[in-house]
file my_file13.cif (mmCIF, C-alpha atoms (C1' of nucleotides))
data_coords
#
loop_
_atom_site.label_atom_id
_atom_site.label_comp_id
_atom_site.auth_asym_id
_atom_site.auth_seq_id
_atom_site.Cartn_x
_atom_site.Cartn_y
_atom_site.Cartn_z
CA MET G 1 12.90 -31.67 6.21
CA ASN G 2 14.69 -30.96 9.39
CA ASN G 3 12.82 -27.91 10.47
CA GLU G 4 14.53 -28.48 13.76
CA ARG G 5 17.73 -27.09 12.35
CA GLU G 6 15.97 -23.97 11.19
CA LYS G 7 13.96 -23.58 14.34
CA GLU G 8 17.26 -23.63 16.16
CA ILE G 9 18.50 -20.77 13.98
CA PHE G 10 15.45 -18.81 15.03
CA LEU G 11 15.91 -19.51 18.72
CA GLU G 12 19.57 -18.63 18.47
CA HIS G 13 18.64 -15.36 16.79
CA LEU G 14 16.26 -14.55 19.61
CA ARG G 15 18.69 -15.37 22.38
CA LYS G 16 21.50 -13.46 20.77
CA ARG G 17 19.39 -10.33 20.96
CA GLY G 18 18.00 -10.95 24.38
CA ARG G 19 14.52 -11.52 23.05
CA ARG G 20 12.18 -13.97 24.66
CA VAL G 21 11.06 -17.33 23.38
CA THR G 22 7.30 -17.38 23.52
CA ALA G 23 4.67 -19.89 22.54
CA GLU G 24 3.41 -17.45 19.89
CA ARG G 25 6.83 -17.12 18.31
CA LEU G 26 7.27 -20.83 18.06
CA ALA G 27 3.78 -21.20 16.65
CA VAL G 28 4.39 -18.66 13.87
CA CYS G 29 7.71 -20.26 13.11
CA GLU G 30 6.20 -23.71 12.84
CA GLU G 31 3.28 -22.56 10.77
CA ILE G 32 5.31 -20.73 8.14
CA PHE G 33 7.53 -23.80 7.86
CA ARG G 34 4.47 -25.91 7.24
CA GLN G 35 3.28 -23.68 4.43
CA HIS G 36 4.47 -24.15 0.89
CA GLY G 37 4.68 -21.24 -1.48
CA HIS G 38 3.59 -17.72 -0.69
CA VAL G 39 1.17 -16.77 2.03
CA ASP G 40 0.07 -13.46 3.39
CA ALA G 41 -0.21 -12.69 7.07
CA ASP G 42 -3.94 -13.28 7.21
CA ASP G 43 -3.66 -16.64 5.47
CA LEU G 44 -1.20 -17.62 8.11
CA LEU G 45 -3.35 -16.32 10.91
CA ALA G 46 -6.34 -18.22 9.58
CA ALA G 47 -4.32 -21.41 9.24
CA MET G 48 -3.12 -21.13 12.81
CA GLN G 49 -6.57 -20.46 14.16
CA ARG G 50 -7.91 -23.44 12.24
CA ARG G 51 -5.27 -25.46 13.99
CA GLY G 52 -6.51 -24.19 17.32
CA VAL G 53 -3.69 -21.76 18.04
CA LYS G 54 -4.81 -18.61 19.80
CA ILE G 55 -2.85 -15.66 18.50
CA SER G 56 -3.54 -12.13 17.33
CA ARG G 57 -2.99 -10.56 13.96
CA ALA G 58 -0.50 -8.02 15.29
CA THR G 59 1.60 -10.76 16.78
CA VAL G 60 1.68 -12.67 13.55
CA TYR G 61 3.00 -9.59 11.78
CA ARG G 62 5.53 -8.89 14.50
CA ASN G 63 6.92 -12.37 14.60
CA LEU G 64 7.05 -12.80 10.87
CA ASP G 65 9.33 -9.80 10.80
CA LEU G 66 11.55 -11.54 13.30
CA LEU G 67 11.81 -14.52 10.99
CA VAL G 68 12.64 -12.23 8.13
CA GLU G 69 15.46 -10.74 10.18
CA CYS G 70 17.22 -14.07 10.43
CA ASP G 71 16.66 -14.95 6.77
CA LEU G 72 14.34 -17.84 7.36
CA VAL G 73 11.48 -16.04 5.69
CA ARG G 74 11.31 -13.68 2.76
CA LYS G 75 8.86 -10.80 2.69
CA TYR G 76 7.88 -9.00 -0.47
CA ARG G 77 5.09 -7.76 -2.63
CA LEU G 78 4.38 -9.86 -5.66
CA GLY G 79 1.70 -8.25 -7.72
CA ARG G 80 0.95 -4.95 -6.13
CA ASP G 81 -1.02 -5.81 -3.13
CA ARG G 82 -0.20 -7.00 0.29
CA TYR G 83 2.98 -8.47 1.61
CA LEU G 84 3.64 -12.10 0.93
CA TYR G 85 5.78 -14.28 3.16
CA GLU G 86 7.63 -17.31 2.01
CA HIS G 87 9.61 -19.93 3.84
CA LEU G 88 13.15 -19.60 2.60
CA HIS G 89 15.23 -22.75 2.50
CA PRO G 90 18.85 -21.85 3.10
CA GLY G 91 20.78 -21.77 -0.16
CA GLN G 92 17.71 -22.00 -2.34
CA ARG G 93 17.14 -18.43 -3.44
CA HIS G 94 14.81 -18.10 -6.37
CA ASP G 95 13.00 -15.41 -8.31
CA HIS G 96 9.51 -15.06 -9.70
CA LEU G 97 7.53 -14.83 -12.89
CA VAL G 98 4.09 -13.42 -12.13
CA CYS G 99 1.22 -13.61 -14.61
CA ARG G 100 -0.89 -10.49 -14.58
CA GLU G 101 -3.85 -12.27 -16.06
CA CYS G 102 -4.29 -15.30 -13.84
CA GLY G 103 -1.99 -14.52 -10.94
CA ARG G 104 -0.01 -17.67 -11.46
CA VAL G 105 3.48 -17.55 -10.00
CA VAL G 106 6.39 -19.47 -11.43
CA GLU G 107 9.65 -19.74 -9.56
CA PHE G 108 12.96 -19.91 -11.31
CA VAL G 109 16.62 -20.00 -10.46
CA SER G 110 19.32 -18.43 -12.59
CA PRO G 111 22.87 -18.87 -11.37
CA GLY G 112 24.01 -16.63 -14.23
CA ILE G 113 21.90 -13.74 -13.04
CA ARG G 114 23.02 -14.35 -9.47
CA ALA G 115 26.63 -14.10 -10.53
CA LEU G 116 26.06 -10.87 -12.42
CA GLN G 117 24.27 -9.41 -9.44
CA ARG G 118 27.23 -10.21 -7.25
CA GLU G 119 29.50 -8.49 -9.74
CA ILE G 120 27.38 -5.38 -9.78
CA CYS G 121 27.35 -5.20 -6.01
CA LYS G 122 31.10 -5.58 -5.89
CA ALA G 123 31.56 -2.86 -8.47
CA HIS G 124 29.51 -0.46 -6.37
CA GLY G 125 30.93 -1.45 -3.02
CA PHE G 126 27.45 -2.49 -2.11
CA ASP G 127 26.73 -5.08 0.54
CA PRO G 128 23.49 -6.79 -0.49
CA SER G 129 21.05 -8.14 2.04
CA GLU G 130 18.10 -8.89 -0.18
CA GLN G 131 17.74 -9.27 -3.90
CA THR G 132 14.46 -9.38 -5.69
CA LEU G 133 13.98 -10.05 -9.35
CA GLN G 134 10.43 -10.12 -10.50
CA ILE G 135 9.12 -10.39 -14.00
CA SER G 136 5.45 -9.77 -14.57
CA GLY G 137 3.64 -10.36 -17.78
CA CYS G 138 1.46 -12.91 -19.48
CA CYS G 139 1.97 -16.63 -19.04
CA ARG G 140 1.76 -19.30 -21.72
CA ALA G 141 -1.69 -20.47 -20.70
CA CYS G 142 -3.18 -16.99 -20.76
CA LYS G 143 -1.65 -16.21 -24.12
CA ARG G 144 -3.32 -19.31 -25.54
CA ASP G 145 -6.72 -18.80 -23.96
CA PRO G 146 -6.98 -15.15 -23.02
CA ASP G 147 -10.28 -15.84 -21.33
CA GLU G 148 -10.10 -19.27 -19.78
CA ARG G 149 -8.02 -18.25 -16.81
CA PRO G 150 -6.83 -21.16 -14.73
CA ALA G 151 -8.38 -20.78 -11.28
CA ALA G 152 -7.71 -17.14 -10.41
CA GLU G 153 -5.59 -17.33 -7.23
CA ALA G 154 -3.27 -19.78 -8.71
CA VAL G 155 -1.03 -22.72 -8.15
CA PRO G 156 2.60 -21.83 -7.41
CA ALA G 157 3.83 -24.08 -10.18
CA THR G 158 7.43 -24.72 -9.27
CA ALA G 159 8.73 -25.20 -12.79
CA MET A 1 15.72 16.80 -23.97
CA ASN A 2 12.98 16.71 -26.49
CA ASN A 3 10.08 15.99 -24.26
CA GLU A 4 8.04 16.96 -27.26
CA ARG A 5 8.71 13.60 -28.81
CA GLU A 6 7.56 11.82 -25.69
CA LYS A 7 4.59 14.04 -25.16
CA GLU A 8 3.56 13.11 -28.68
CA ILE A 9 3.73 9.44 -27.75
CA PHE A 10 1.37 10.17 -24.90
CA LEU A 11 -1.08 12.09 -27.07
CA GLU A 12 -0.96 9.36 -29.67
CA HIS A 13 -1.69 6.79 -26.97
CA LEU A 14 -4.70 8.77 -25.84
CA ARG A 15 -6.11 9.27 -29.32
CA LYS A 16 -5.62 5.67 -30.25
CA ARG A 17 -7.89 4.69 -27.40
CA GLY A 18 -10.42 7.42 -27.91
CA ARG A 19 -9.47 9.13 -24.69
CA ARG A 20 -9.55 12.87 -24.33
CA VAL A 21 -6.66 15.26 -24.13
CA THR A 22 -7.18 17.41 -21.07
CA ALA A 23 -5.22 20.18 -19.43
CA GLU A 24 -4.75 17.96 -16.38
CA ARG A 25 -3.28 15.15 -18.44
CA LEU A 26 -0.81 17.43 -20.10
CA ALA A 27 0.11 18.94 -16.76
CA VAL A 28 0.85 15.56 -15.16
CA CYS A 29 2.82 14.55 -18.22
CA GLU A 30 4.92 17.71 -18.14
CA GLU A 31 5.51 17.54 -14.43
CA ILE A 32 6.75 13.95 -14.36
CA PHE A 33 9.07 14.80 -17.23
CA ARG A 34 10.44 17.68 -15.24
CA GLN A 35 11.20 15.46 -12.27
CA HIS A 36 14.42 13.54 -12.02
CA GLY A 37 14.60 10.33 -10.12
CA HIS A 38 11.76 8.76 -8.23
CA VAL A 39 8.74 10.59 -6.93
CA ASP A 40 5.55 9.45 -5.33
CA ALA A 41 2.13 10.67 -6.32
CA ASP A 42 1.91 13.19 -3.51
CA ASP A 43 5.31 14.66 -4.26
CA LEU A 44 4.12 15.21 -7.76
CA LEU A 45 0.84 16.72 -6.63
CA ALA A 46 2.66 19.10 -4.31
CA ALA A 47 5.09 20.12 -7.04
CA MET A 48 2.24 20.88 -9.38
CA GLN A 49 0.34 22.87 -6.80
CA ARG A 50 3.48 24.84 -6.00
CA ARG A 51 3.61 25.65 -9.66
CA GLY A 52 0.05 26.92 -9.53
CA VAL A 53 -1.60 24.00 -11.29
CA LYS A 54 -5.00 23.16 -9.90
CA ILE A 55 -5.51 19.42 -9.90
CA SER A 56 -6.79 16.75 -7.55
CA ARG A 57 -5.01 13.82 -6.02
CA ALA A 58 -7.25 11.28 -7.72
CA THR A 59 -6.52 12.78 -11.10
CA VAL A 60 -2.80 12.61 -10.54
CA TYR A 61 -3.07 8.92 -9.77
CA ARG A 62 -5.35 8.27 -12.71
CA ASN A 63 -3.17 10.05 -15.21
CA LEU A 64 0.06 8.59 -13.95
CA ASP A 65 -1.40 5.20 -14.70
CA LEU A 66 -2.08 6.36 -18.22
CA LEU A 67 1.56 7.30 -18.60
CA VAL A 68 2.56 3.93 -17.26
CA GLU A 69 0.39 2.28 -19.89
CA CYS A 70 2.38 3.80 -22.70
CA ASP A 71 5.73 3.06 -21.08
CA LEU A 72 6.72 6.65 -20.47
CA VAL A 73 6.64 6.15 -16.74
CA ARG A 74 7.53 3.25 -14.52
CA LYS A 75 5.57 2.49 -11.37
CA TYR A 76 6.93 0.33 -8.61
CA ARG A 77 7.66 0.01 -4.96
CA LEU A 78 11.23 0.52 -3.98
CA GLY A 79 11.67 -0.16 -0.31
CA ARG A 80 8.40 -1.45 0.88
CA ASP A 81 6.26 1.61 1.02
CA ARG A 82 4.23 3.54 -1.40
CA TYR A 83 4.38 3.53 -5.17
CA LEU A 84 7.15 5.46 -6.81
CA TYR A 85 6.92 6.85 -10.30
CA GLU A 86 9.85 7.48 -12.53
CA HIS A 87 10.20 9.10 -15.92
CA LEU A 88 11.39 6.37 -18.23
CA HIS A 89 13.56 7.39 -21.14
CA PRO A 90 12.88 5.05 -24.04
CA GLY A 91 15.55 2.38 -24.35
CA GLN A 92 17.13 3.19 -21.01
CA ARG A 93 15.77 0.51 -18.71
CA HIS A 94 17.72 0.27 -15.53
CA ASP A 95 17.55 -1.43 -12.15
CA HIS A 96 18.16 -0.29 -8.61
CA LEU A 97 20.45 -0.69 -5.65
CA VAL A 98 18.73 0.62 -2.55
CA CYS A 99 20.61 1.33 0.66
CA ARG A 100 18.61 0.37 3.71
CA GLU A 101 20.62 2.67 5.93
CA CYS A 102 20.52 5.99 4.14
CA GLY A 103 17.88 5.39 1.50
CA ARG A 104 20.29 6.21 -1.29
CA VAL A 105 19.31 4.75 -4.64
CA VAL A 106 21.84 3.82 -7.28
CA GLU A 107 20.76 2.95 -10.77
CA PHE A 108 22.57 0.41 -12.87
CA VAL A 109 22.25 -1.24 -16.23
CA SER A 110 23.26 -4.79 -16.95
CA PRO A 111 22.80 -6.01 -20.50
CA GLY A 112 23.93 -9.44 -19.38
CA ILE A 113 21.15 -9.74 -16.86
CA ARG A 114 18.67 -8.42 -19.42
CA ALA A 115 19.68 -11.11 -21.84
CA LEU A 116 19.34 -13.84 -19.25
CA GLN A 117 15.91 -12.55 -18.31
CA ARG A 118 14.82 -12.76 -21.91
CA GLU A 119 16.06 -16.32 -22.06
CA ILE A 120 14.14 -17.31 -18.96
CA CYS A 121 10.96 -15.80 -20.32
CA LYS A 122 11.39 -17.63 -23.57
CA ALA A 123 11.98 -20.90 -21.79
CA HIS A 124 8.73 -20.49 -19.89
CA GLY A 125 6.67 -19.17 -22.79
CA PHE A 126 6.23 -16.06 -20.75
CA ASP A 127 5.50 -12.69 -22.31
CA PRO A 128 7.06 -10.09 -20.02
CA SER A 129 5.58 -6.65 -19.62
CA GLU A 130 7.59 -5.40 -16.70
CA GLN A 131 10.79 -6.53 -15.09
CA THR A 132 12.03 -5.35 -11.77
CA LEU A 133 15.35 -6.18 -10.25
CA GLN A 134 16.05 -4.61 -6.94
CA ILE A 135 18.93 -5.17 -4.62
CA SER A 136 18.73 -3.75 -1.15
CA GLY A 137 21.54 -3.69 1.32
CA CYS A 138 24.20 -1.39 2.65
CA CYS A 139 26.05 1.08 0.46
CA ARG A 140 29.74 1.89 0.53
CA ALA A 141 29.30 5.13 2.42
CA CYS A 142 27.22 3.53 5.15
CA LYS A 143 29.64 0.66 5.53
CA ARG A 144 32.45 3.12 6.11
CA ASP A 145 30.61 5.40 8.51
CA PRO A 146 27.76 3.37 9.92
CA ASP A 147 26.47 6.45 11.70
CA GLU A 148 27.17 9.43 9.53
CA ARG A 149 24.31 8.84 7.13
CA PRO A 150 24.38 11.08 4.11
CA ALA A 151 21.16 13.13 4.16
CA ALA A 152 18.47 10.57 4.89
CA GLU A 153 16.12 10.81 1.87
CA ALA A 154 18.92 10.65 -0.51
CA VAL A 155 20.35 11.71 -3.79
CA PRO A 156 19.55 9.37 -6.68
CA ALA A 157 23.21 9.05 -7.56
CA THR A 158 23.21 7.81 -11.14
CA ALA A 159 26.47 5.92 -11.00
"C1'" DA R 1 9.07 -18.35 43.48
"C1'" DC R 2 9.56 -13.50 42.55
"C1'" DG R 3 10.04 -9.30 40.08
"C1'" DG R 4 11.37 -6.56 36.23
"C1'" DT R 5 10.37 -6.13 31.72
"C1'" DA R 6 9.51 -7.83 27.05
"C1'" DT R 7 5.50 -9.49 24.68
"C1'" DT R 8 0.79 -10.07 23.67
"C1'" DG R 9 -4.13 -8.98 22.33
"C1'" DA R 10 -7.94 -6.22 20.99
"C1'" DG R 11 -9.09 -2.60 18.87
"C1'" DA R 12 -8.00 2.04 17.34
"C1'" DT R 13 -5.33 4.39 14.00
"C1'" DT R 14 -2.79 5.54 9.93
"C1'" DG R 15 -2.18 6.35 5.28
"C1'" DC R 16 -2.06 4.99 0.45
"C1'" DG R 17 -4.71 4.15 -3.26
"C1'" DT R 18 -9.30 3.67 -5.15
"C1'" DC R 19 -14.02 4.76 -5.72
"C1'" DT R 20 -18.35 7.68 -6.04
"C1'" DC R 21 -21.08 10.79 -8.29
"C1'" DA R 22 -22.45 15.33 -9.48
"C1'" DA R 23 -20.35 19.05 -12.11
"C1'" DT R 24 -17.45 20.18 -15.90
"C1'" DA R 25 -15.48 20.30 -20.37
"C1'" DA R 26 -13.46 17.69 -24.62
"C1'" DG R 27 -14.51 16.80 -29.14
"C1'" DC R 28 -17.79 15.20 -32.76
"C1'" DC R 29 -21.21 16.89 -35.85
"C1'" DA R 30 -24.36 19.98 -38.18
"C1'" DT N 1 -19.34 28.17 -34.26
"C1'" DG N 2 -22.79 26.25 -31.01
"C1'" DG N 3 -24.99 22.22 -29.23
"C1'" DC N 4 -24.82 17.65 -27.50
"C1'" DT N 5 -22.92 13.39 -25.85
"C1'" DT N 6 -20.07 11.43 -22.79
"C1'" DA N 7 -15.40 11.01 -20.81
"C1'" DT N 8 -13.07 13.33 -17.14
"C1'" DT N 9 -12.49 15.85 -13.04
"C1'" DG N 10 -12.72 17.11 -7.99
"C1'" DA N 11 -13.81 16.58 -3.25
"C1'" DG N 12 -14.39 13.67 -0.09
"C1'" DA N 13 -15.75 9.08 1.35
"C1'" DC N 14 -14.08 4.56 1.51
"C1'" DG N 15 -11.38 0.01 1.91
"C1'" DC N 16 -7.91 -2.27 3.56
"C1'" DA N 17 -3.29 -3.75 4.99
"C1'" DA N 18 -0.09 -2.77 8.33
"C1'" DT N 19 1.16 -0.44 12.44
"C1'" DC N 20 0.44 1.41 16.89
"C1'" DT N 21 -1.43 1.79 21.82
"C1'" DC N 22 -1.49 0.38 26.30
"C1'" DA N 23 -3.14 -2.49 29.90
"C1'" DA N 24 -2.77 -7.37 30.93
"C1'" DT N 25 0.15 -11.32 30.59
"C1'" DA N 26 4.03 -14.30 30.95
"C1'" DC N 27 9.13 -15.04 30.14
"C1'" DC N 28 13.35 -15.72 32.43
"C1'" DG N 29 17.36 -14.23 35.36
"C1'" DT N 30 18.21 -14.29 40.09
#
call {"tool": "encode", "arguments": {"input": "my_file13.cif", "output": "structure tokens"}}
result
Amino acid sequence: MNNEREKEIFLEHLRKRGRRVTAERLAVCEEIFRQHGHVDADDLLAAMQRRGVKISRATVYRNLDLLVECDLVRKYRLGRDRYLYEHLHPGQRHDHLVCRECGRVVEFVSPGIRALQREICKAHGFDPSEQTLQISGCCRACKRDPDERPAAEAVPATA
Amino acid sequence: MNNEREKEIFLEHLRKRGRRVTAERLAVCEEIFRQHGHVDADDLLAAMQRRGVKISRATVYRNLDLLVECDLVRKYRLGRDRYLYEHLHPGQRHDHLVCRECGRVVEFVSPGIRALQREICKAHGFDPSEQTLQISGCCRACKRDPDERPAAEAVPATA
DNA sequence: ACGGTATTGAGATTGCGTCTCAATAAGCCA
DNA sequence: TGGCTTATTGAGACGCAATCTCAATACCGT
């Protein structure tokens, strides 16, 4: 993983807009790159503090938004709650199945759906910047054992 | 529009679960059916109060959720903000293009995407209850005249 | 190294959605 | 129909994520 390449994208984005490169910005950038799957802002803050980084909650929010601007991070709401942030590898867009019972999240990629989305945008003269497809329902495990929920805040099984 | 048919679905849903039929429930049901496009809970409350209905905010929320349960109303977040509620005509599922500039919302239907979604669910043994596809970006009008935004909180152009 | 100015931090603030609990009323039954 | 049980309502409190405020800090062009 050459995070260097992506960090450079971030720095470039900052410079291009005359924004400053600060220790906090680099720290947020590095931390979100270290994370796998979906994290919320407080998770990230906690992780950074555990690592000894001194940074405030507001700054984490602010700088995550900067990373979203340059497409290195995706920001969305999965279930219904808070925002989740996810490190976005260039050219690896995916969508989500979310189980309402156990919270498990499964990622999937569908080139077919992607293509149809592009068609729809073209038909409407619409210039897409972000596309979110999210299917919530009941996963295989929960259908089988409606009670025995696999560890509530679940594994982001990348199936 | 025979809202009668749909109102009956609601009443049936209530009875089936031993829940009571109240004036407030009927009022929320009728009001959301009267609305076109997407409204949030407070819009709906205001509309009802304007109409002389006496009802509390909490009750609006509670009863909207009841309507969501029986698939007469869809509840989701469009941009990033609050929940939006939308009267759902049976068998007319659609998805949304949302313009980040002017807020305009365009609905579209894609049977092809629907079919692919079903396939994906099947492949994962996933039992879907709600599917949301949302594409945000820049609409034709805003691309043409980046400044002249058509009436901020926009028309739900059903194209 | 200096100075102008963007950025940060700590805590206050906002605002949606939910919860609380006493008062009310729906609906079953005699 | 009237009485009784219990779900539902209303008013306001509450929780909580995200944003905002503004003085202190530190980035970066000169």
call {"tool": "axis_aligned_box", "arguments": {"input": "my_file13.cif", "around": "stretch 92-98 of chain A", "padding_each_side": "6 Å", "output": "JSON"}}
result
{"center_x": 18.1, "center_y": 0.9, "center_z": -11.8, "size_x": 16.7, "size_y": 16.6, "size_z": 30.5}
call {"tool": "calpha_fit_and_write", "arguments": {"input": "my_file13.cif", "fixed": "chain G", "moving": "chain A", "output": "compact mmCIF listing (two decimals) with C-alpha atoms, keeping the file's coordinate frame"}}
result
# COMPACT_ATOMS: atom_id res chain seq x y z
CA MET A 1 12.32 -31.83 5.98
CA ASN A 2 14.17 -31.18 9.14
CA ASN A 3 12.46 -28.06 10.27
CA GLU A 4 14.19 -28.77 13.53
CA ARG A 5 17.41 -27.44 12.12
CA GLU A 6 15.73 -24.25 11.01
CA LYS A 7 13.76 -23.84 14.17
CA GLU A 8 17.08 -24.02 15.98
CA ILE A 9 18.39 -21.18 13.85
CA PHE A 10 15.41 -19.14 14.93
CA LEU A 11 15.88 -19.92 18.62
CA GLU A 12 19.56 -19.15 18.35
CA HIS A 13 18.71 -15.82 16.72
CA LEU A 14 16.38 -14.98 19.56
CA ARG A 15 18.82 -15.91 22.30
CA LYS A 16 21.65 -14.07 20.68
CA ARG A 17 19.64 -10.88 20.94
CA GLY A 18 18.28 -11.51 24.38
CA ARG A 19 14.76 -11.95 23.10
CA ARG A 20 12.36 -14.37 24.67
CA VAL A 21 11.14 -17.66 23.33
CA THR A 22 7.36 -17.61 23.49
CA ALA A 23 4.65 -20.03 22.49
CA GLU A 24 3.44 -17.51 19.91
CA ARG A 25 6.85 -17.25 18.31
CA LEU A 26 7.18 -20.97 17.99
CA ALA A 27 3.67 -21.21 16.60
CA VAL A 28 4.33 -18.63 13.87
CA CYS A 29 7.60 -20.33 13.05
CA GLU A 30 5.97 -23.74 12.74
CA GLU A 31 3.07 -22.45 10.71
CA ILE A 32 5.15 -20.65 8.10
CA PHE A 33 7.26 -23.77 7.75
CA ARG A 34 4.14 -25.78 7.14
CA GLN A 35 3.02 -23.47 4.36
CA HIS A 36 4.20 -23.91 0.82
CA GLY A 37 4.46 -21.00 -1.50
CA HIS A 38 3.51 -17.47 -0.67
CA VAL A 39 1.12 -16.44 2.05
CA ASP A 40 0.14 -13.12 3.47
CA ALA A 41 -0.07 -12.36 7.15
CA ASP A 42 -3.81 -12.85 7.33
CA ASP A 43 -3.69 -16.18 5.55
CA LEU A 44 -1.24 -17.29 8.14
CA LEU A 45 -3.34 -15.96 10.99
CA ALA A 46 -6.40 -17.74 9.66
CA ALA A 47 -4.49 -21.00 9.25
CA MET A 48 -3.27 -20.81 12.81
CA GLN A 49 -6.70 -20.03 14.19
CA ARG A 50 -8.15 -22.93 12.22
CA ARG A 51 -5.59 -25.06 13.93
CA GLY A 52 -6.75 -23.80 17.30
CA VAL A 53 -3.83 -21.51 18.04
CA LYS A 54 -4.83 -18.36 19.84
CA ILE A 55 -2.78 -15.44 18.59
CA SER A 56 -3.34 -11.87 17.50
CA ARG A 57 -2.78 -10.24 14.16
CA ALA A 58 -0.17 -7.84 15.51
CA THR A 59 1.83 -10.70 16.94
CA VAL A 60 1.83 -12.54 13.65
CA TYR A 61 3.24 -9.49 11.92
CA ARG A 62 5.80 -8.89 14.64
CA ASN A 63 7.07 -12.44 14.67
CA LEU A 64 7.17 -12.80 10.93
CA ASP A 65 9.54 -9.88 10.90
CA LEU A 66 11.72 -11.73 13.36
CA LEU A 67 11.86 -14.68 11.00
CA VAL A 68 12.75 -12.36 8.17
CA GLU A 69 15.62 -11.01 10.23
CA CYS A 70 17.27 -14.38 10.42
CA ASP A 71 16.68 -15.18 6.76
CA LEU A 72 14.26 -18.02 7.31
CA VAL A 73 11.47 -16.10 5.67
CA ARG A 74 11.36 -13.69 2.79
CA LYS A 75 9.01 -10.73 2.77
CA TYR A 76 8.08 -8.89 -0.38
CA ARG A 77 5.34 -7.61 -2.56
CA LEU A 78 4.59 -9.66 -5.59
CA GLY A 79 2.00 -7.95 -7.70
CA ARG A 80 1.43 -4.64 -6.12
CA ASP A 81 -0.61 -5.47 -3.10
CA ARG A 82 0.09 -6.61 0.35
CA TYR A 83 3.21 -8.23 1.72
CA LEU A 84 3.75 -11.87 1.00
CA TYR A 85 5.81 -14.13 3.19
CA GLU A 86 7.58 -17.20 2.01
CA HIS A 87 9.49 -19.92 3.79
CA LEU A 88 13.04 -19.65 2.55
CA HIS A 89 15.07 -22.83 2.42
CA PRO A 90 18.70 -21.98 3.08
CA GLY A 91 20.71 -21.81 -0.13
CA GLN A 92 17.66 -21.94 -2.37
CA ARG A 93 17.15 -18.33 -3.38
CA HIS A 94 14.86 -18.01 -6.32
CA ASP A 95 13.02 -15.35 -8.28
CA HIS A 96 9.53 -15.06 -9.67
CA LEU A 97 7.54 -14.92 -12.87
CA VAL A 98 4.09 -13.56 -12.14
CA CYS A 99 1.24 -13.85 -14.61
CA ARG A 100 -0.93 -10.76 -14.64
CA GLU A 101 -3.85 -12.65 -16.12
CA CYS A 102 -4.25 -15.64 -13.86
CA GLY A 103 -2.00 -14.74 -10.95
CA ARG A 104 0.07 -17.87 -11.41
CA VAL A 105 3.55 -17.64 -9.94
CA VAL A 106 6.48 -19.55 -11.33
CA GLU A 107 9.74 -19.73 -9.46
CA PHE A 108 13.06 -19.88 -11.21
CA VAL A 109 16.72 -19.90 -10.34
CA SER A 110 19.40 -18.31 -12.44
CA PRO A 111 22.96 -18.64 -11.20
CA GLY A 112 24.08 -16.45 -14.08
CA ILE A 113 21.90 -13.57 -12.98
CA ARG A 114 23.02 -14.08 -9.38
CA ALA A 115 26.62 -13.78 -10.42
CA LEU A 116 25.99 -10.62 -12.39
CA GLN A 117 24.16 -9.12 -9.44
CA ARG A 118 27.13 -9.80 -7.22
CA GLU A 119 29.37 -8.10 -9.74
CA ILE A 120 27.19 -5.02 -9.87
CA CYS A 121 27.15 -4.76 -6.11
CA LYS A 122 30.89 -5.06 -5.97
CA ALA A 123 31.32 -2.40 -8.60
CA HIS A 124 29.22 0.00 -6.57
CA GLY A 125 30.66 -0.89 -3.17
CA PHE A 126 27.19 -1.97 -2.25
CA ASP A 127 26.51 -4.54 0.45
CA PRO A 128 23.32 -6.34 -0.56
CA SER A 129 20.92 -7.71 1.99
CA GLU A 130 18.01 -8.57 -0.23
CA GLN A 131 17.64 -9.01 -3.94
CA THR A 132 14.37 -9.21 -5.73
CA LEU A 133 13.91 -9.96 -9.37
CA GLN A 134 10.37 -10.12 -10.56
CA ILE A 135 9.06 -10.47 -14.04
CA SER A 136 5.39 -9.94 -14.63
CA GLY A 137 3.60 -10.62 -17.85
CA CYS A 138 1.48 -13.25 -19.49
CA CYS A 139 2.07 -16.96 -19.01
CA ARG A 140 1.92 -19.66 -21.64
CA ALA A 141 -1.50 -20.90 -20.60
CA CYS A 142 -3.04 -17.45 -20.73
CA LYS A 143 -1.51 -16.71 -24.10
CA ARG A 144 -3.09 -19.84 -25.49
CA ASP A 145 -6.53 -19.38 -23.96
CA PRO A 146 -6.82 -15.71 -23.13
CA ASP A 147 -10.14 -16.38 -21.44
CA GLU A 148 -9.96 -19.75 -19.82
CA ARG A 149 -7.94 -18.64 -16.83
CA PRO A 150 -6.70 -21.48 -14.69
CA ALA A 151 -8.21 -21.00 -11.21
CA ALA A 152 -7.63 -17.33 -10.48
CA GLU A 153 -5.52 -17.34 -7.28
CA ALA A 154 -3.20 -19.85 -8.65
CA VAL A 155 -0.96 -22.77 -8.03
CA PRO A 156 2.65 -21.84 -7.27
CA ALA A 157 3.91 -24.13 -10.00
CA THR A 158 7.55 -24.72 -9.13
CA ALA A 159 8.81 -25.26 -12.64
call {"tool": "atom_distance", "arguments": {"input": "my_file13.cif", "atom1": "atom CA of G:Val98", "atom2": "atom CA of A:Ile120"}}
result
12.8 Å
call {"tool": "residues_around", "arguments": {"input": "my_file13.cif", "residues": "stretch 64-69 of chain G", "least_positions_apart": "3", "cutoff": "8 Å", "atoms": "only C-alpha atoms (C1' of nucleotides)", "output": "list in words"}}
result
Phe10, Val28, Cys29, Val60, Tyr61, Leu72, Val73, Arg74, Lys75 and Tyr85 of chain G
call {"tool": "atom_distance", "arguments": {"input": "my_file13.cif", "atom1": "atom CA of A:Gln131", "atom2": "atom CA of G:Lys143"}}
result
18.2 Å
call {"tool": "resolve_selection", "arguments": {"input": "my_file13.cif", "expression": "the PyMOL selection byres ((chain G) within 12 of (chain R))", "output": "ChimeraX atom specification"}}
result
/G:17-25,54-60,62-63,80-81
call {"tool": "atom_distance", "arguments": {"input": "my_file13.cif", "atom1": "atom CA of A:Gln117", "atom2": "atom CA of G:His96"}}
result
11.0 Å
